[in-house]
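**Q** I have a structure here, written as structure tokens, and I will follow up with some questions on it.
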Amino acid sequence: MHAALTVVGFAKLNPHLSFLLCVEATRYLVNKTTYVHCSSVLCNFRKNVHSRRNNCVFSMELETATPVEENTPVSAEGTTGEEDKISGKRKSDEASSLPQKRRGPRGKKLRRGERYVPPPQKRNPGVSFSQEHFDETSYYFEDGLRKVHPYYFDFKTYCKGRWIGKSLLEVFESEFRAESIEYYQKAVKEGRIRLNEIPVEDLNVVLKNNDHMKNKVHRHEPPVVGKPLEVLVDDGKVLVVDKPASIPVHPCGRFRHNTVIFILGKERGISELHTVHRLDRLTSGVLLFARTLEISKKLDQLVRDRQLEKEYVCRVEGEFPEGELVCEEPILVVSFKIGLCRVDPKGKECRTVFQRLSFNGKTSVVRCLPLTGRTHQIRVHLQYLGFPILNDPIYGASAWGPHRGKGGMMGKSDEELLKDLVEEHKNQESLHLLDVSDNGNMLSQEGRKEDELSCGEIISQTTAKEAACSSDVSGDADLLESREPDKSHEDQVQTPTDPLCSECKLVRADPTKQELIMYLHALRYKGPDFEYSTPLPDWAKEDWVQVD
């Protein structure tokens with residue numbers, strides 16, 4: 001589209017000022033959504049300045065470009081379907097005019113067939129969820145478990161550097177192997193895969209820097225224990241809860257609504273919390289949040305200055321030595337994906353103080369004081385000492401060898417350990433205990449916005465086997481508190497079975513209590529002017545007997 005404009009000025013008027021008046025005047029000639037190419041304007045302006053005695057005449061021709069519709073499908077050639085529907089009349093009109101450069105928004109020159117990629121949006125570094133997120137689905141309670149109705153969810157990610165120049169098909173084949181290529185082809189036909197908010201028509205489209213990908217999936221979350229979250233303190237400055245085992249602190253992996261953050265938001269209307277520390281998903285006990293940014297910074301400084309004292313209690317296998325025992329073995333992270341660590345001289349220094357509280361003939365209750373804050377510090381040190389925590393799915397696994405990692409003895413490389421550990425849980429159909437999803441399309445690391453992932457954090461998942469039997473979830477009253485089935489969800493609109501969802505075709509067994517409980521509890525959290533604690537869990541009492 002072209003628009004002609006002439007401005008008549010006085011002889012003494014600054015030519016550059018007159019040019020600016022020209023540009024300003026064009027706002028009345030072109031639509032606000034039309035992009036004006038200033039380089040073309042400037043060029044024509046310089047060619048069409050005619051001097052007169054008393055005034056100057058400035059004439060220029062503006063070249064404009066019609067923006068691409070937001071929801072126009074993207075083809076493999078990078079052009080839109082709308083461009084392929086240009087009428088013959090329009091093509092003849094273009095042929096009769098002077099050749100024009102293809103330009104994208106903001107005057108960017110585009111080669112023929114080239115896609116425009118918008119600049120990346122600014123990210124909010126904080127993790128904040130609103131009522132819109134909480135309303136995505138609802139809970140129901142069954143057999144002592146908290147369950148989530150399946151729901152649709154958009155996974156999002158920006159293009160990773162190693163993907164640039166590759167097609168979507170190549171990326172799916174190499175890094176998104178949870179589903180088959182046939183699945184992604186069907187998802188394209190359903191309009192579930194979008195690139196820069198535009199539906200993808202062909203998986204052969206080549207990715208460019210800053211491409212934003214979105215994949216709509218039918219999401220299923222694993223159940224967690226049905227025990228309610230008990231709020232210990234809520235004084236406007238901090239929120240302290242007694243976290244049940246099996247519930248993650250915040251969205252990660254396959255968990256979103258079955259997390260402490262979402263349960264507090266959905267059931268108590270509490271949001272905008274600042275995480276001060278974290279507990280492993282299978283660990284129970286004191287969990288502290290800051291209510292304001294100011295309090296969060298204050299507590300973070302106390303953590304850095306090591307002015308916070310944490311006390312844990314656990315039940316370990318075997319007879320733990322009497323008296324105080326200190327372990328100062330350095331810890332090395334073997335795999336960030338599943339959070340696997342081990343004792344190694346190249347690891348970071350750490351120190352844990354242990355003291356036996358009781359022994360029932362088979363297992364011991366041990367008090368733990370971690371003086372440093374390394375990942376899995378208590379679990380790794382107890383494994384090294386030869387007393388793994390009861391029901392620890394990682395550091396109590398047989399994949400560590402006959403000694404199960406005691407004294408650092410493995411007899412295998414880290415790669416072999418990882419392979420054997422995954423294989424052991426794969427055979428037991430318990431890969432979720434390693435926080436490795438067996439269904440789902442993307443996983444996030446803890447501490448990140450779970451629905452805004454970087455491509456390098458996507459884990460290739462292993463397809464799950466079909467499970468057709470039910471399992472016993474009975475056990476200690478404090479671990480799996482029974483609730484009457486919640487009938488309220490029956491009146492709600494249920495998410496129908498999704499034809500593309502492989503999870504909908506599976507009949508999964510509910511997890512057993514051994515899979516939901518690890519006998520490690522955060523008992524006390526103490527600072528210079530505060531102290532928060534919970535009573536001892538039933539399994540930590542001296543007369544407790546494990547129910548097989």
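Just remember, in the structure tokens the first chain shown is A, the second B, etc., residues are 1-based per chain, and ligands are 1-based in the order shown.
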So that each row is one residue of segment 181-291 of chain A with an atom at most 12 Å from segment 124-144 of chain A, can you give its shortest atom pair and the distance in Å to one decimal, using only C-alpha atoms, rows by chain and rising number, as a Markdown table?
**A**
| residue | atom | partner | partner_atom | distance |
| --- | --- | --- | --- | --- |
| A:His218 | CA | A:Thr137 | CA | 11.8 |
| A:Arg219 | CA | A:Thr137 | CA | 10.4 |
| A:His220 | CA | A:Thr137 | CA | 10.8 |
| A:Glu221 | CA | A:Tyr139 | CA | 10.7 |
| A:Pro222 | CA | A:Tyr139 | CA | 11.8 |
| A:Pro223 | CA | A:Phe141 | CA | 9.3 |
| A:Val224 | CA | A:Gly144 | CA | 8.9 |
| A:Val225 | CA | A:Gly144 | CA | 6.4 |
| A:Gly226 | CA | A:Gly144 | CA | 5.1 |
| A:Lys227 | CA | A:Gly144 | CA | 7.6 |
| A:Pro228 | CA | A:Gly144 | CA | 10.6 |
| A:His250 | CA | A:Val127 | CA | 9.1 |
| A:Pro251 | CA | A:Val127 | CA | 9.6 |
| A:Cys252 | CA | A:Val127 | CA | 11.8 |
| A:Arg256 | CA | A:Phe134 | CA | 9.6 |
| A:His257 | CA | A:Phe134 | CA | 7.5 |
| A:Asn258 | CA | A:Tyr139 | CA | 8.5 |
| A:Thr259 | CA | A:Phe134 | CA | 11.2 |
| A:Ile261 | CA | A:Phe129 | CA | 8.5 |
| A:Phe262 | CA | A:Phe134 | CA | 6.5 |
| A:Ile263 | CA | A:Phe134 | CA | 8.6 |
| A:Leu264 | CA | A:Phe134 | CA | 9.7 |
| A:Gly265 | CA | A:Phe134 | CA | 6.7 |
| A:Lys266 | CA | A:Phe134 | CA | 5.6 |
| A:Glu267 | CA | A:Phe134 | CA | 9.4 |
| A:Arg268 | CA | A:Phe134 | CA | 11.1 |
| A:Gly269 | CA | A:Gln131 | CA | 8.3 |
| A:Ile270 | CA | A:Ser130 | CA | 9.5 |
| A:Ser271 | CA | A:Phe129 | CA | 6.8 |
| A:Glu272 | CA | A:Ser128 | CA | 5.8 |
| A:Leu273 | CA | A:Ser128 | CA | 7.7 |
| A:His274 | CA | A:Val127 | CA | 8.3 |
| A:Thr275 | CA | A:Val127 | CA | 9.3 |
**Q** Once DSSP has gone over the backbone, tell me which residues of segment 114-246 of chain A are in helix (DSSP H, G or I), as a ChimeraX atom specification.
**A** /A:131-134,161-163,168-175,181-189
**Q** Okay, now the selection with N, CA and C atoms, as a short mmCIF file (atom, residue, chain, number, x, y, z; two decimals), in the first residue's frame?
**A**
data_model
loop_
_atom_site.label_atom_id
_atom_site.label_comp_id
_atom_site.auth_asym_id
_atom_site.auth_seq_id
_atom_site.Cartn_x
_atom_site.Cartn_y
_atom_site.Cartn_z
N GLN A 131 -5.76 -16.94 40.92
CA GLN A 131 -6.99 -17.74 40.93
C GLN A 131 -7.24 -18.39 39.58
N GLU A 132 -6.79 -17.74 38.52
CA GLU A 132 -6.95 -18.31 37.17
C GLU A 132 -6.25 -19.66 37.08
N HIS A 133 -5.06 -19.77 37.68
CA HIS A 133 -4.33 -21.04 37.67
C HIS A 133 -5.01 -22.05 38.59
N PHE A 134 -5.46 -21.60 39.75
CA PHE A 134 -6.07 -22.51 40.71
C PHE A 134 -7.37 -23.12 40.17
N GLY A 161 19.36 -22.88 21.77
CA GLY A 161 20.34 -22.57 20.73
C GLY A 161 20.63 -23.73 19.81
N ARG A 162 20.70 -24.95 20.38
CA ARG A 162 21.03 -26.11 19.55
C ARG A 162 19.90 -26.51 18.62
N TRP A 163 18.71 -25.91 18.82
CA TRP A 163 17.59 -26.23 17.93
C TRP A 163 17.53 -25.33 16.71
N LEU A 168 10.91 -28.73 13.52
CA LEU A 168 10.19 -29.21 14.69
C LEU A 168 10.19 -30.73 14.75
N LEU A 169 10.09 -31.35 13.59
CA LEU A 169 10.11 -32.81 13.51
C LEU A 169 11.40 -33.37 14.09
N GLU A 170 12.53 -32.77 13.74
CA GLU A 170 13.82 -33.24 14.25
C GLU A 170 13.92 -33.06 15.76
N VAL A 171 13.39 -31.94 16.26
CA VAL A 171 13.44 -31.69 17.70
C VAL A 171 12.58 -32.68 18.46
N PHE A 172 11.38 -32.95 17.95
CA PHE A 172 10.51 -33.92 18.61
C PHE A 172 11.13 -35.31 18.61
N GLU A 173 11.77 -35.67 17.52
CA GLU A 173 12.38 -37.00 17.42
C GLU A 173 13.56 -37.16 18.37
N SER A 174 14.30 -36.08 18.62
CA SER A 174 15.52 -36.19 19.41
C SER A 174 15.32 -35.88 20.89
N GLU A 175 14.39 -34.98 21.24
CA GLU A 175 14.31 -34.53 22.62
C GLU A 175 12.93 -34.61 23.26
N ILE A 181 5.99 -39.77 16.89
CA ILE A 181 5.82 -38.73 15.87
C ILE A 181 4.38 -38.69 15.38
N GLU A 182 3.74 -39.85 15.35
CA GLU A 182 2.33 -39.90 14.93
C GLU A 182 1.47 -39.05 15.87
N TYR A 183 1.82 -39.08 17.17
CA TYR A 183 1.07 -38.26 18.13
C TYR A 183 1.22 -36.78 17.79
N TYR A 184 2.45 -36.34 17.54
CA TYR A 184 2.67 -34.93 17.26
C TYR A 184 2.03 -34.51 15.94
N GLN A 185 1.99 -35.41 14.98
CA GLN A 185 1.32 -35.10 13.72
C GLN A 185 -0.18 -34.91 13.93
N LYS A 186 -0.77 -35.76 14.79
CA LYS A 186 -2.19 -35.60 15.10
C LYS A 186 -2.43 -34.32 15.90
N ALA A 187 -1.48 -34.01 16.80
CA ALA A 187 -1.61 -32.79 17.60
C ALA A 187 -1.58 -31.55 16.71
N VAL A 188 -0.76 -31.60 15.65
CA VAL A 188 -0.71 -30.49 14.69
C VAL A 188 -2.07 -30.32 14.00
N LYS A 189 -2.67 -31.44 13.61
CA LYS A 189 -3.97 -31.37 12.93
C LYS A 189 -5.04 -30.81 13.87
#
**Q** With only C-alpha atoms as the atoms that count, which of A:Leu308, A:Val276, A:Ala290, A:Leu325 lies nearest to Val238 of chain A?
**A**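 Of the candidates, the smallest distance to Val238 of chain A is held by A:Ala290.
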**Q** I need the residue nearest Pro119 of chain A from this list: A:Ile378, A:Ala245, A:Leu390, A:Lys208. Use only C-alpha atoms for the distance.
**A**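 Nearest to Pro119 of chain A: A:Lys208.
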**Q** Tell me, in Å to one decimal, how far atom CA of Gly407 of chain A is from atom CA of Arg374 of chain A.
**A**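 Here the two named atoms are 18.6 Å from each other.
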**Q** If you run DSSP over the backbone, which residues in segment 97-326 of chain A end up strand (DSSP E)? Put them as a ChimeraX atom specification.
**A** /A:139-142,145-148,151-158,193-195,198-199,212-219,224-225,230-234,238-243,274-275,284-290,309-317,324-326
